[in-house]
Every structure is written in C-alpha cells, then in structure tokens.
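Engineer: Input: one structure, supplied below.
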Amino acid sequence: MGRNTIFFFQELWKNLTRNPLMTAAAASTTMVSLLTFGLSLAIITNINNIFVEITSQVEIRAFLKEKTDNYRIKQLQDEIMKLSHVRRVEYVSPSRALDKLQEDLNLSLDMPPEENPLPHTIVVRVGDPRHIDDVADRISGMDDVAELQYGAKILQGLLALSLAVKSVGYLLTLLMAIGAMFTIMNTIRLTVISRQAEIRTMKLVGATSWFIRWPFLLEGMALGVIGAVIAAGLASAGYYMMSTKAQSSLPFIIPIVDASSMSKLIVFTLLFAGVVMGLAGSFISLGRYLLEKED
Amino acid sequence: MIDFKRVHLIYHKDKVHALKDVSLSFSKGEISFLVGPTGCGKSSLLKMVYMDIMPSRGSVRVLGKDTYDYSERQIAHLRRKVGVVFQDFRLLPTKTVYENVAYPLHVIGASDYEIERRVPQVVKLVGLEDKLDSLPGSLAKGQEQRVSIARAIVNDPLILLADEPTGNLDPDTSMEIIKLLLEIQTTRGTTILVASHDMETVKRSRKRIVRIENGIVVSDQQPGFAHCADSLEDVRGE
Ligand SMILES: Nc1ncnc2c1ncn2[C@@H]1O[C@H](COP(=O)(O)OP(=O)(O)OP(=O)(O)O)[C@@H](O)[C@H]1O
Ligand SMILES: [Mg+2]
C-alpha cells in the first residue's frame with residue numbers, strides 16, 4: 001500500500017458510496033450468509049458443550065482395600081492427583097457413603113460403624129474423558145486399590161456419538177462458511193465485471209496489478225466487515241434471547257453456553273471470517289480480469 | 001527511441017493482416033504524423049508502442065529494448081513514461097475530470113501537493129478549467145478528448161502517442177491542440193506520434209508525415225516537404 005494508502009481508502013469510500021443501493025445489497029447478502037454461518041457455529045458450539053459436560057460427569061470410583069489407613073488414603077489421593085488429566089480427587093469415607101446411601105434410598109439403617117459394609121472410596125474426575133481409560137489403568141495398578149468402577153461402555157458410546165455429531169456439525173458449518181465465501185466472491189465479481197473497461201484503462205496508463213487490486217481488496221474487506229458486524233449483532237441478540245428463554249422454560253437444566261461468551265465467539269469468528277473471505281473473495285474474482293487483454 | 005523493424009501484425013481472431021513489413025524509426029524529440037484511410041493500421045501501430053499488442057513478426061523496440069523483453073512490471077513502468085491519447089478517450093467514467101487527470105500521478109505515487117499543483121495547470125492548458133468536477137459522461141466529445149490529452153501529458157511523458165487527438169474538434173480547436181503538441185515537443189523534447197485523418201491540420205504543421213495504406217508504409221516525408229504529399233496524391237489520383 002505504502003504512500004498510496006490514503007488514495008486507496010479514498011477510492012474505497014467513493015466506490016462504496018457511489019452506488020449505495022448496490023453496496024447495501026452486497027453487504028446484506030454477505031450479512032445473511034455470515035448470519036447462517038454464525039448460527040450454525042452457535043449450535044455446534046452448544047452441542048459440543050453438552051457432550052463435554054456430560055462426559056466430564058463420568059467419574060472413576062476407586063474402592064480401596066478394607067484395612068487401608070488414613071495416612072495411606074491421603075497418600076493415594078496425592079498420587080492420583082499427580083497423574084496427568086486428573087482434574088479432581090475426592091475421598092468418600094464409608095460412613096459418608098452410608099449416609100448418602102440412606103439419604104438416596106430414603107431409609108434409615110441403624111448400623112454400628114464396624115458393620116458398615118461400604119469400602120473407602122476415592123472419586124476421580126478426569127479433565128478430558130478421552131483419557132479416562134489411561135487414568136483408570138494407572139489407578140488400578142496402585143497398591144491398596146481393590147477395585148475400580150466407571151462407565152467405560154457408556155462413555156465410549158457417548159464419545160463416539162459426540163464425534164459423529166461434531167463432524168457433521170463442523171462439516172455443515174464449513175459449508176456455510178464456503179457458501180458465505182462464494183456469496184462475497186460473486187458480489188465482488190459483479191463490481192469487477194461492471195468495471196472491466198476501467199481496469200483495462202488503469203493498466204494502460206501504467207498502474208500495476210497491485211495498484212488496481214488494493215481498492216477492490218479493501219472493498220471486499222469492507223463488505224465482509226459490514227456484513228459481519230450486522231450478522232454478529234443479530235446472532236448475539238438472537239442467541240441471548242433464545243438462551244434465556246430456554247433456561248427458564250425447560251424443566252431440566254441443559255448446559256447452554258452463556259450468552260456473553262457465545263457473543264464473543266460469534267463476534268470474533270464472524271469478523272475474522274468476514275475479513276478473510278472479503279479479501280480472498282475479491283482477490284480470486286479479480287485475478288482473471290487483471291490479466292485479461294482485449295484480444 | 002522507437003524502432004519498428006520489418007513488423008507484421010496479424011489479428012488472428014479476424015485473420016486481419018493489419019500491418020505488413022513496417023520499418024520505421026522515430027528519434028528522440030521528433031514529432032511525426034501517421035496518416036492514412038480508416039482501417040489502415042494507425043492505431044495498431046501506436047498500440048504496439050505502448051505494448052497493448054505485440055508484433056506477430058519483426059521487432060518493435062521502445063527506449064532501446066525489444067517489447068517482447070519487457071516484463072509485466074516493466075510494461076507498467078514504461079507506460080508511466082508514455083502518454084497516450086486514446087482514439088476512444090478511455091476516460092474513467094466514475095471519476096471527475098480532475099480525478100481522471102490526477103490518476104497517472106497517483107499511479108507514480110506523486111504527493112498531494114504535486115497533484116494539486118499539476119492537475120489544474122494541465123487542465124487549464126487544454127481549456128477545461130471550468131469542468132474540473134464534471135464526470136466524463138456529461139462532457140461533449142471534444143471536451144472528453146481534451147481531458148484525455150491532459151491525462152496523457154500530466155506527468156511529462158518521454159513519449160506521447162496521440163490517436164486522432166483532433167478527431168472531434170473544429171478546425172480552430174484542432175489547430176490549437178496541434179500547436180500545444182508542437183509546444184510540448186519543443187519545450188520538453190518529447191517524442192510525439194500523432195495518428196490523424198485530418199490532412200489539412202497535419203499539412204499546416206509542416207512536420208514529418210508517414211503515410212500508411214492497407215498496413216503498408218507508402219510514404220515517409222521529412223519536415224518541410226509537406227507539399228509533396230499533395231503532389232503524391234495528385235500522381236495517385238491519375
Ligand atoms: N482488436 C482487433 N481485432 C481484429 N481486428 C482488428 C482489431 N483492431 C483492429 N483490427 C483491424 O485491423 C486493421 C487496422 O485497424 P486500426 O484500428 O489499426 O486502423 P486505424 O488506421 O487506426 O483506423 P481508424 O482511422 O479508423 O482509427 C483494420 O482492418 C481493423 O479492422
Ligand atoms: Mg485508429
């Protein structure tokens with residue numbers, strides 16, 4: 001750009017304002033396709049989030065040998081905590097387990113502590129559920145651990161399902177992004193075609209390809225940004241309303257991504273996508289016409 | 001400065017043999033008129049100088065270098081030193097007279113100060129100072145032509161190629177333009193090629209006249225022999 005930066009921005013401004021209706025049309029098509037992209041992004045993020053929440057609920061319960069003393073229990077807790085991917089370690093004493101059991105089953109067993117059949121239990125939460133098998137192997141190899149219990153089968157099913165849903169979701173989102181890209185490309189191509197003769201003249205008076213290209217690139221970028229800002233605003237507002245409604249009207253709690261972090265994600269992703277697609281779109285649609293000669 | 005050596009030009013699309021075995025040399029600071037009936041190849045010859053088209057055979061050398069040896073970038077840089085008054089003007093339709101004339105200055109990265117100084121000066125030279133903010137679409141043909149002339153001379157080109165620069169002007173304005181070109185030639189030492197139909201104006205200028213017919217150079221008269229063109233025509237008429 002160099003010393004012509006100001007000139008290029010003046011050109012951009014003239015090109016955008018010369019035909020406001022055309023600019024508005026171009027920006028709104030861009031906006032609509034970015035909006036679809038943004039919404040599919042919101043949906044896939046939530047689905048992803050639900051799976052992460054569910055799978056991270058899965059815990060490993062390590063039952064210890066009956067005679068394990070408190071010192072050893074503490075030691076084991078520390079050892080487990082040091083394993084990678086372990087997020088939380090909690091010890092549940094037999095008496096607490098019994099209390100909980102009575103509470104859950106809503107009955108009252110009058111049982112002296114010596115007769116309590118429940119074992120010492122260490123409950124382990126793993127950060128990334130995909131590593132749960134690893135962690136379980138390590139724990140079961142430790143001394144004084146009698147038995148392990150965790151929902152391996154369920155977890156594997158959930159992970160597989162999550163992967164499938166995610167793949168489909170990302171594929172759809174990618175398609176939306178490509179759609180937005182083509183929309184921008186076509187929009188810019190129309191401007192380029194309508195200004196083909198001008199482009200030729202510019203070359204004939206000594207303009208380099210880049211000198212001609214910059215105002216078009218800026219135009220594509222501007223359309224992308226305008227479209228992205230509006231789309232991000234609409235998508236964030238829409239998401240805010242839907243998420244509050246969903247939280248208050250559903251009888252059960254589903255882990256919906258909160259509106260503020262979602263709008264951050266949407267704003268950044270859409271702006272980035274808008275800029276990149278605007279630039280790439282105009283670069284690609286311009287390429288052919290910059291090289292073309294009359295004959 | 002500009003050398004055509006045994007140049008042939010064939011438009012393959014229409015199989016037109018537009019120029020045949022043309023050898024011509026134009027030296028630095030010289031002004032030459034290319035005349036001849038419509039379709040004889042004047043514009044084609046000029047287009048080869050600014051490398052819009054390339055010879056099919058033979059060689060065209062501009063500033064000492066074969067046009068085929070110019071890279072894309074070098075062509076762009078050469079064109080900044082070659083002012084062209086296009087036969088169809090080729091003004092940028094969305095830009096005002098001022099912006100059209102300023103465009104080549106932006107291309108060479110001139111400063112705002114330079115542009116604001118130079119543009120009004122050149123526009124005044126072609127007598128359009130009251131049209132600075134008009135768009136080409138609102139101008140008469142003759143006025144568009146003058147904008148095109150202003151744009152061609154705005155950054156003091158080494159070579160000026162004018163394709164029918166007086167084609168849409170009345171005899172008086174035509175003579176004014178020719179005088180302007182002659183002035184540029186003498187004061188700036190610019191090498192100038194003018195393609196023209198307008199025999200009257202051309203003859204009155206008493207400069208080199210190259211006559212082309214059917215793509216063939218049929219006569220090449222040095223300055224001071226303008227009257228010969230008449231006698232030649234008389235001979236041909238018989
Ligand atoms: N782009 C082109 N494609 C095919 N043929 C062309 C093209 N441009 C010119 N010609 C042909 O080449 C020949 C020379 O054309 P050119 O434009 O050089 O003539 P000219 O002397 O400038 O004519 P005029 O005085 O009308 O401007 C003509 O027969 C014309 O039809
Ligand atoms: Mg011509």
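Residues in the structure tokens are numbered from 1 in each chain, the chains being A, B, ... in the order shown, and ligands are numbered from 1 in the order shown.
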Hey, which residues come within 10 Å of ligand 1 if we count only C-alpha atoms and all ligand atoms? Could you give them as an mmCIF file with N, CA and C atoms, in the first residue's frame?
Structural biologist:
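To be explicit, this is the file written out as selection.cif:
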```
data_model
loop_
_atom_site.group_PDB
_atom_site.id
_atom_site.type_symbol
_atom_site.label_atom_id
_atom_site.label_comp_id
_atom_site.auth_asym_id
_atom_site.auth_seq_id
_atom_site.Cartn_x
_atom_site.Cartn_y
_atom_site.Cartn_z
ATOM 1 N N LYS A 293 -6.540 -9.434 -21.664
ATOM 2 C CA LYS A 293 -6.285 -8.425 -22.685
ATOM 3 C C LYS A 293 -7.507 -8.343 -23.581
ATOM 4 N N GLU A 294 -7.482 -7.344 -24.452
ATOM 5 C CA GLU A 294 -8.673 -7.136 -25.265
ATOM 6 C C GLU A 294 -8.875 -8.254 -26.281
ATOM 7 N N ASP A 295 -7.750 -8.736 -26.844
ATOM 8 C CA ASP A 295 -7.894 -9.765 -27.888
ATOM 9 C C ASP A 295 -7.684 -11.152 -27.326
ATOM 10 N N LEU B 9 1.708 -7.438 -38.354
ATOM 11 C CA LEU B 9 0.735 -7.627 -37.289
ATOM 12 C C LEU B 9 -0.489 -8.324 -37.851
ATOM 13 N N ILE B 10 -0.808 -9.446 -37.276
ATOM 14 C CA ILE B 10 -1.983 -10.186 -37.730
ATOM 15 C C ILE B 10 -2.946 -10.345 -36.561
ATOM 16 N N TYR B 11 -4.170 -9.895 -36.731
ATOM 17 C CA TYR B 11 -5.195 -10.152 -35.719
ATOM 18 C C TYR B 11 -5.776 -11.527 -36.001
ATOM 19 N N HIS B 12 -5.417 -12.489 -35.189
ATOM 20 C CA HIS B 12 -5.787 -13.870 -35.508
ATOM 21 C C HIS B 12 -7.273 -14.105 -35.466
ATOM 22 N N LYS B 13 -7.934 -13.373 -34.561
ATOM 23 C CA LYS B 13 -9.373 -13.591 -34.380
ATOM 24 C C LYS B 13 -10.107 -13.400 -35.714
ATOM 25 N N ASP B 14 -9.767 -12.262 -36.395
ATOM 26 C CA ASP B 14 -10.466 -11.968 -37.648
ATOM 27 C C ASP B 14 -9.592 -12.220 -38.865
ATOM 28 N N LYS B 15 -8.399 -12.809 -38.618
ATOM 29 C CA LYS B 15 -7.445 -13.058 -39.705
ATOM 30 C C LYS B 15 -7.173 -11.802 -40.529
ATOM 31 N N VAL B 16 -6.989 -10.668 -39.807
ATOM 32 C CA VAL B 16 -6.695 -9.419 -40.498
ATOM 33 C C VAL B 16 -5.188 -9.179 -40.459
ATOM 34 N N HIS B 17 -4.607 -8.972 -41.620
ATOM 35 C CA HIS B 17 -3.182 -8.649 -41.683
ATOM 36 C C HIS B 17 -3.083 -7.129 -41.612
ATOM 37 N N ALA B 18 -3.006 -6.586 -40.384
ATOM 38 C CA ALA B 18 -3.190 -5.151 -40.179
ATOM 39 C C ALA B 18 -1.957 -4.324 -40.541
ATOM 40 N N LEU B 19 -0.782 -4.889 -40.321
ATOM 41 C CA LEU B 19 0.437 -4.168 -40.714
ATOM 42 C C LEU B 19 1.361 -5.129 -41.444
ATOM 43 N N LEU B 34 1.078 10.203 -38.421
ATOM 44 C CA LEU B 34 0.739 8.997 -39.167
ATOM 45 C C LEU B 34 -0.607 9.258 -39.817
ATOM 46 N N VAL B 35 -0.628 9.196 -41.143
ATOM 47 C CA VAL B 35 -1.901 9.452 -41.808
ATOM 48 C C VAL B 35 -2.269 8.261 -42.695
ATOM 49 N N GLY B 36 -3.511 8.242 -43.073
ATOM 50 C CA GLY B 36 -3.962 7.152 -43.934
ATOM 51 C C GLY B 36 -5.426 6.886 -43.681
ATOM 52 N N PRO B 37 -6.060 6.218 -44.649
ATOM 53 C CA PRO B 37 -7.505 5.975 -44.542
ATOM 54 C C PRO B 37 -7.860 5.120 -43.328
ATOM 55 N N THR B 38 -9.116 5.135 -42.990
ATOM 56 C CA THR B 38 -9.557 4.359 -41.837
ATOM 57 C C THR B 38 -9.278 2.871 -42.029
ATOM 58 N N GLY B 39 -8.816 2.260 -40.982
ATOM 59 C CA GLY B 39 -8.523 0.831 -41.053
ATOM 60 C C GLY B 39 -7.155 0.515 -41.619
ATOM 61 N N CYS B 40 -6.331 1.541 -41.873
ATOM 62 C CA CYS B 40 -5.031 1.278 -42.487
ATOM 63 C C CYS B 40 -4.014 0.762 -41.482
ATOM 64 N N GLY B 41 -4.284 0.955 -40.209
ATOM 65 C CA GLY B 41 -3.378 0.379 -39.209
ATOM 66 C C GLY B 41 -2.688 1.378 -38.293
ATOM 67 N N LYS B 42 -3.163 2.625 -38.286
ATOM 68 C CA LYS B 42 -2.509 3.661 -37.462
ATOM 69 C C LYS B 42 -2.591 3.315 -35.972
ATOM 70 N N SER B 43 -3.811 3.021 -35.518
ATOM 71 C CA SER B 43 -3.977 2.721 -34.085
ATOM 72 C C SER B 43 -3.172 1.483 -33.702
ATOM 73 N N SER B 44 -3.191 0.493 -34.586
ATOM 74 C CA SER B 44 -2.456 -0.743 -34.298
ATOM 75 C C SER B 44 -0.986 -0.445 -34.080
ATOM 76 N N LEU B 45 -0.454 0.453 -34.911
ATOM 77 C CA LEU B 45 0.953 0.796 -34.799
ATOM 78 C C LEU B 45 1.236 1.444 -33.440
ATOM 79 N N LEU B 46 0.372 2.363 -33.050
ATOM 80 C CA LEU B 46 0.574 3.026 -31.756
ATOM 81 C C LEU B 46 0.448 2.022 -30.598
ATOM 82 N N LYS B 47 -0.527 1.104 -30.712
ATOM 83 C CA LYS B 47 -0.744 0.120 -29.632
ATOM 84 C C LYS B 47 0.488 -0.743 -29.405
ATOM 85 N N ILE B 53 -0.600 -4.447 -27.760
ATOM 86 C CA ILE B 53 -0.489 -5.612 -28.632
ATOM 87 C C ILE B 53 0.978 -5.796 -29.023
ATOM 88 N N GLN B 87 -7.864 6.783 -28.999
ATOM 89 C CA GLN B 87 -8.853 7.193 -30.003
ATOM 90 C C GLN B 87 -10.250 7.237 -29.370
ATOM 91 N N ASP B 88 -10.507 6.289 -28.466
ATOM 92 C CA ASP B 88 -11.813 6.296 -27.789
ATOM 93 C C ASP B 88 -11.693 6.890 -26.377
ATOM 94 N N ASP B 163 -3.767 9.380 -30.638
ATOM 95 C CA ASP B 163 -4.548 8.707 -31.676
ATOM 96 C C ASP B 163 -5.769 9.562 -32.005
ATOM 97 N N GLU B 164 -5.713 10.213 -33.123
ATOM 98 C CA GLU B 164 -6.771 11.133 -33.559
ATOM 99 C C GLU B 164 -7.100 12.176 -32.485
ATOM 100 N N GLY B 167 -9.787 14.531 -33.714
ATOM 101 C CA GLY B 167 -10.877 13.911 -34.457
ATOM 102 C C GLY B 167 -12.251 14.512 -34.199
ATOM 103 N N ALA B 195 -1.545 10.075 -34.783
ATOM 104 C CA ALA B 195 -2.302 9.442 -35.862
ATOM 105 C C ALA B 195 -3.445 10.377 -36.212
ATOM 106 N N SER B 196 -3.630 10.629 -37.483
ATOM 107 C CA SER B 196 -4.671 11.597 -37.831
ATOM 108 C C SER B 196 -5.271 11.385 -39.217
ATOM 109 N N HIS B 197 -6.543 11.728 -39.311
ATOM 110 C CA HIS B 197 -7.245 11.769 -40.590
ATOM 111 C C HIS B 197 -7.131 13.141 -41.226
ATOM 112 N N ILE B 212 0.278 5.645 -44.385
ATOM 113 C CA ILE B 212 0.067 4.198 -44.371
ATOM 114 C C ILE B 212 -1.199 3.882 -45.156
ATOM 115 N N GLU B 213 -1.113 2.854 -45.968
ATOM 116 C CA GLU B 213 -2.323 2.393 -46.657
ATOM 117 C C GLU B 213 -2.353 0.883 -46.567
ATOM 118 N N ASN B 214 -3.482 0.358 -46.136
ATOM 119 C CA ASN B 214 -3.605 -1.090 -46.090
ATOM 120 C C ASN B 214 -2.518 -1.793 -45.303
ATOM 121 N N GLY B 215 -2.016 -1.119 -44.275
ATOM 122 C CA GLY B 215 -0.986 -1.748 -43.456
ATOM 123 C C GLY B 215 0.420 -1.614 -44.011
#
```
Engineer: Restrict the distance test to only C-alpha atoms, flag each residue of chain A within 9 Å of chain B, and return the flagged residues as a list in words.
Structural biologist: Arg3, Asn4, Phe7, Asn15, Arg18, Ala197, Glu198, Ile199, Thr201, Met202, Lys203, Leu204, Val205, Gly206, Ala207, Thr208, Ser209, Phe211, Lys293, Glu294 and Asp295 of chain A
Engineer: Could those residues be written to a file, using N, CA and C atoms, as a PDB file, in the first residue's frame?
Structural biologist:
```pdb
ATOM      1  N   ARG A   3       2.755   4.623   0.116  1.00  0.00           N
ATOM      2  CA  ARG A   3       2.352   6.031   0.124  1.00  0.00           C
ATOM      3  C   ARG A   3       0.996   6.257  -0.529  1.00  0.00           C
ATOM      4  N   ASN A   4       0.428   5.205  -1.108  1.00  0.00           N
ATOM      5  CA  ASN A   4      -0.872   5.379  -1.742  1.00  0.00           C
ATOM      6  C   ASN A   4      -2.031   5.001  -0.837  1.00  0.00           C
ATOM      7  N   PHE A   7      -4.931   7.313  -0.818  1.00  0.00           N
ATOM      8  CA  PHE A   7      -5.632   7.258  -2.103  1.00  0.00           C
ATOM      9  C   PHE A   7      -6.521   6.022  -2.196  1.00  0.00           C
ATOM     10  N   ASN A  15     -16.074   4.196  -4.087  1.00  0.00           N
ATOM     11  CA  ASN A  15     -16.708   3.010  -4.660  1.00  0.00           C
ATOM     12  C   ASN A  15     -17.901   2.556  -3.832  1.00  0.00           C
ATOM     13  N   ARG A  18     -20.732   5.518  -4.147  1.00  0.00           N
ATOM     14  CA  ARG A  18     -21.218   5.903  -5.466  1.00  0.00           C
ATOM     15  C   ARG A  18     -22.571   5.264  -5.755  1.00  0.00           C
ATOM     16  N   ALA A 197     -13.738  -2.343 -18.141  1.00  0.00           N
ATOM     17  CA  ALA A 197     -13.118  -1.395 -19.054  1.00  0.00           C
ATOM     18  C   ALA A 197     -12.214  -0.443 -18.281  1.00  0.00           C
ATOM     19  N   GLU A 198     -12.690  -0.035 -17.114  1.00  0.00           N
ATOM     20  CA  GLU A 198     -11.899   0.857 -16.268  1.00  0.00           C
ATOM     21  C   GLU A 198     -10.574   0.220 -15.863  1.00  0.00           C
ATOM     22  N   ILE A 199     -10.666  -1.066 -15.484  1.00  0.00           N
ATOM     23  CA  ILE A 199      -9.462  -1.780 -15.057  1.00  0.00           C
ATOM     24  C   ILE A 199      -8.433  -1.799 -16.179  1.00  0.00           C
ATOM     25  N   THR A 201      -8.178   0.345 -18.644  1.00  0.00           N
ATOM     26  CA  THR A 201      -7.625   1.689 -18.806  1.00  0.00           C
ATOM     27  C   THR A 201      -6.549   1.966 -17.765  1.00  0.00           C
ATOM     28  N   MET A 202      -6.839   1.562 -16.527  1.00  0.00           N
ATOM     29  CA  MET A 202      -5.856   1.778 -15.464  1.00  0.00           C
ATOM     30  C   MET A 202      -4.529   1.116 -15.813  1.00  0.00           C
ATOM     31  N   LYS A 203      -4.616  -0.088 -16.364  1.00  0.00           N
ATOM     32  CA  LYS A 203      -3.381  -0.777 -16.745  1.00  0.00           C
ATOM     33  C   LYS A 203      -2.672   0.000 -17.864  1.00  0.00           C
ATOM     34  N   LEU A 204      -3.480   0.534 -18.801  1.00  0.00           N
ATOM     35  CA  LEU A 204      -2.870   1.212 -19.942  1.00  0.00           C
ATOM     36  C   LEU A 204      -2.193   2.524 -19.557  1.00  0.00           C
ATOM     37  N   VAL A 205      -2.596   3.119 -18.431  1.00  0.00           N
ATOM     38  CA  VAL A 205      -1.893   4.334 -18.032  1.00  0.00           C
ATOM     39  C   VAL A 205      -0.813   4.032 -16.985  1.00  0.00           C
ATOM     40  N   GLY A 206      -0.459   2.740 -16.873  1.00  0.00           N
ATOM     41  CA  GLY A 206       0.730   2.399 -16.100  1.00  0.00           C
ATOM     42  C   GLY A 206       0.513   1.908 -14.693  1.00  0.00           C
ATOM     43  N   ALA A 207      -0.750   1.638 -14.324  1.00  0.00           N
ATOM     44  CA  ALA A 207      -0.996   1.116 -12.976  1.00  0.00           C
ATOM     45  C   ALA A 207      -0.551  -0.338 -12.903  1.00  0.00           C
ATOM     46  N   THR A 208       0.130  -0.713 -11.822  1.00  0.00           N
ATOM     47  CA  THR A 208       0.482  -2.115 -11.633  1.00  0.00           C
ATOM     48  C   THR A 208      -0.752  -2.868 -11.149  1.00  0.00           C
ATOM     49  N   SER A 209      -0.675  -4.201 -11.230  1.00  0.00           N
ATOM     50  CA  SER A 209      -1.822  -5.010 -10.795  1.00  0.00           C
ATOM     51  C   SER A 209      -2.184  -4.708  -9.347  1.00  0.00           C
ATOM     52  N   PHE A 211      -1.692  -1.975  -7.653  1.00  0.00           N
ATOM     53  CA  PHE A 211      -2.291  -0.650  -7.520  1.00  0.00           C
ATOM     54  C   PHE A 211      -3.786  -0.718  -7.816  1.00  0.00           C
ATOM     55  N   LYS A 293      -6.540  -9.434 -21.664  1.00  0.00           N
ATOM     56  CA  LYS A 293      -6.285  -8.425 -22.685  1.00  0.00           C
ATOM     57  C   LYS A 293      -7.507  -8.343 -23.581  1.00  0.00           C
ATOM     58  N   GLU A 294      -7.482  -7.344 -24.452  1.00  0.00           N
ATOM     59  CA  GLU A 294      -8.673  -7.136 -25.265  1.00  0.00           C
ATOM     60  C   GLU A 294      -8.875  -8.254 -26.281  1.00  0.00           C
ATOM     61  N   ASP A 295      -7.750  -8.736 -26.844  1.00  0.00           N
ATOM     62  CA  ASP A 295      -7.894  -9.765 -27.888  1.00  0.00           C
ATOM     63  C   ASP A 295      -7.684 -11.152 -27.326  1.00  0.00           C
TER      64      ASP A 295
END
```
Engineer: I want to know what sits within 9 Å of Ala273 (chain A), based on only C-alpha atoms, with residues of the same chain fewer than 4 positions away left out; could you give that as a list in words?
Structural biologist: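 Skipping anything fewer than 4 positions along the chain leaves Leu34, Ala177, Ala180, Met181, Gly224, Val225, Ala228, Phe268, Thr269, Met277 and Gly278 of chain A.
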Engineer: With a distance cut-off of 6 Å and only C-alpha atoms, select the neighbouring residues of region 118-121 of chain A, excluding the residue or stretch itself and same-chain residues fewer than 2 positions from it, and output the selection as a PyMOL selection string.
Structural biologist: chain A and resi 62-64+91-94+116
Engineer: Which residue is closest to ligand 2? Choose from B:Val154, B:Ala140, B:Val194, B:Ile184 and count only C-alpha atoms and all ligand atoms.
Structural biologist: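 Checking each candidate against ligand 2, we get B:Val194 as the closest.
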Engineer: Let's see if you can do this: from backbone DSSP, list all strand (DSSP E) residues in region 22-77 of chain B, as a list in words.
Structural biologist: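 Here are the strand (DSSP E) residues of region 22-77 of chain B: Val22, Ser23, Leu24, Ser25, Phe26, Ile31, Ser32, Phe33, Leu34, Val35, Arg57, Gly58, Ser59, Val60, Arg61, Val62, Lys65 and Asp66 of chain B.
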Engineer: The selected residues should be written to file as an mmCIF file, in the first residue's frame (atoms: C-alpha atoms).
Structural biologist:
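Listing of out-v9.cif after writing:
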```
data_model
loop_
_atom_site.group_PDB
_atom_site.id
_atom_site.type_symbol
_atom_site.label_atom_id
_atom_site.label_comp_id
_atom_site.auth_asym_id
_atom_site.auth_seq_id
_atom_site.Cartn_x
_atom_site.Cartn_y
_atom_site.Cartn_z
ATOM 1 C CA VAL B 22 6.636 -1.916 -41.467
ATOM 2 C CA SER B 23 10.072 -0.455 -40.778
ATOM 3 C CA LEU B 24 10.076 2.968 -39.164
ATOM 4 C CA SER B 25 12.288 4.830 -36.785
ATOM 5 C CA PHE B 26 11.314 7.722 -34.555
ATOM 6 C CA ILE B 31 7.139 14.720 -33.874
ATOM 7 C CA SER B 32 5.622 12.586 -36.635
ATOM 8 C CA PHE B 33 2.183 12.314 -38.090
ATOM 9 C CA LEU B 34 0.739 8.997 -39.167
ATOM 10 C CA VAL B 35 -1.901 9.452 -41.808
ATOM 11 C CA ARG B 57 6.649 -10.881 -36.769
ATOM 12 C CA GLY B 58 9.578 -8.471 -36.742
ATOM 13 C CA SER B 59 10.576 -6.356 -33.787
ATOM 14 C CA VAL B 60 9.430 -3.221 -32.063
ATOM 15 C CA ARG B 61 11.987 -1.559 -29.843
ATOM 16 C CA VAL B 62 10.982 1.094 -27.363
ATOM 17 C CA LYS B 65 14.564 -2.567 -25.748
ATOM 18 C CA ASP B 66 12.512 -5.114 -27.654
#
```
Engineer: Ranking A:Ile256, A:Val135, A:Leu223, A:Ile212 by minimum distance to Glu11 (chain A) and counting only C-alpha atoms, which one comes first?
Structural biologist: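 Nearest candidate to Glu11 (chain A) out of A:Ile256, A:Val135, A:Leu223, A:Ile212: A:Ile212.
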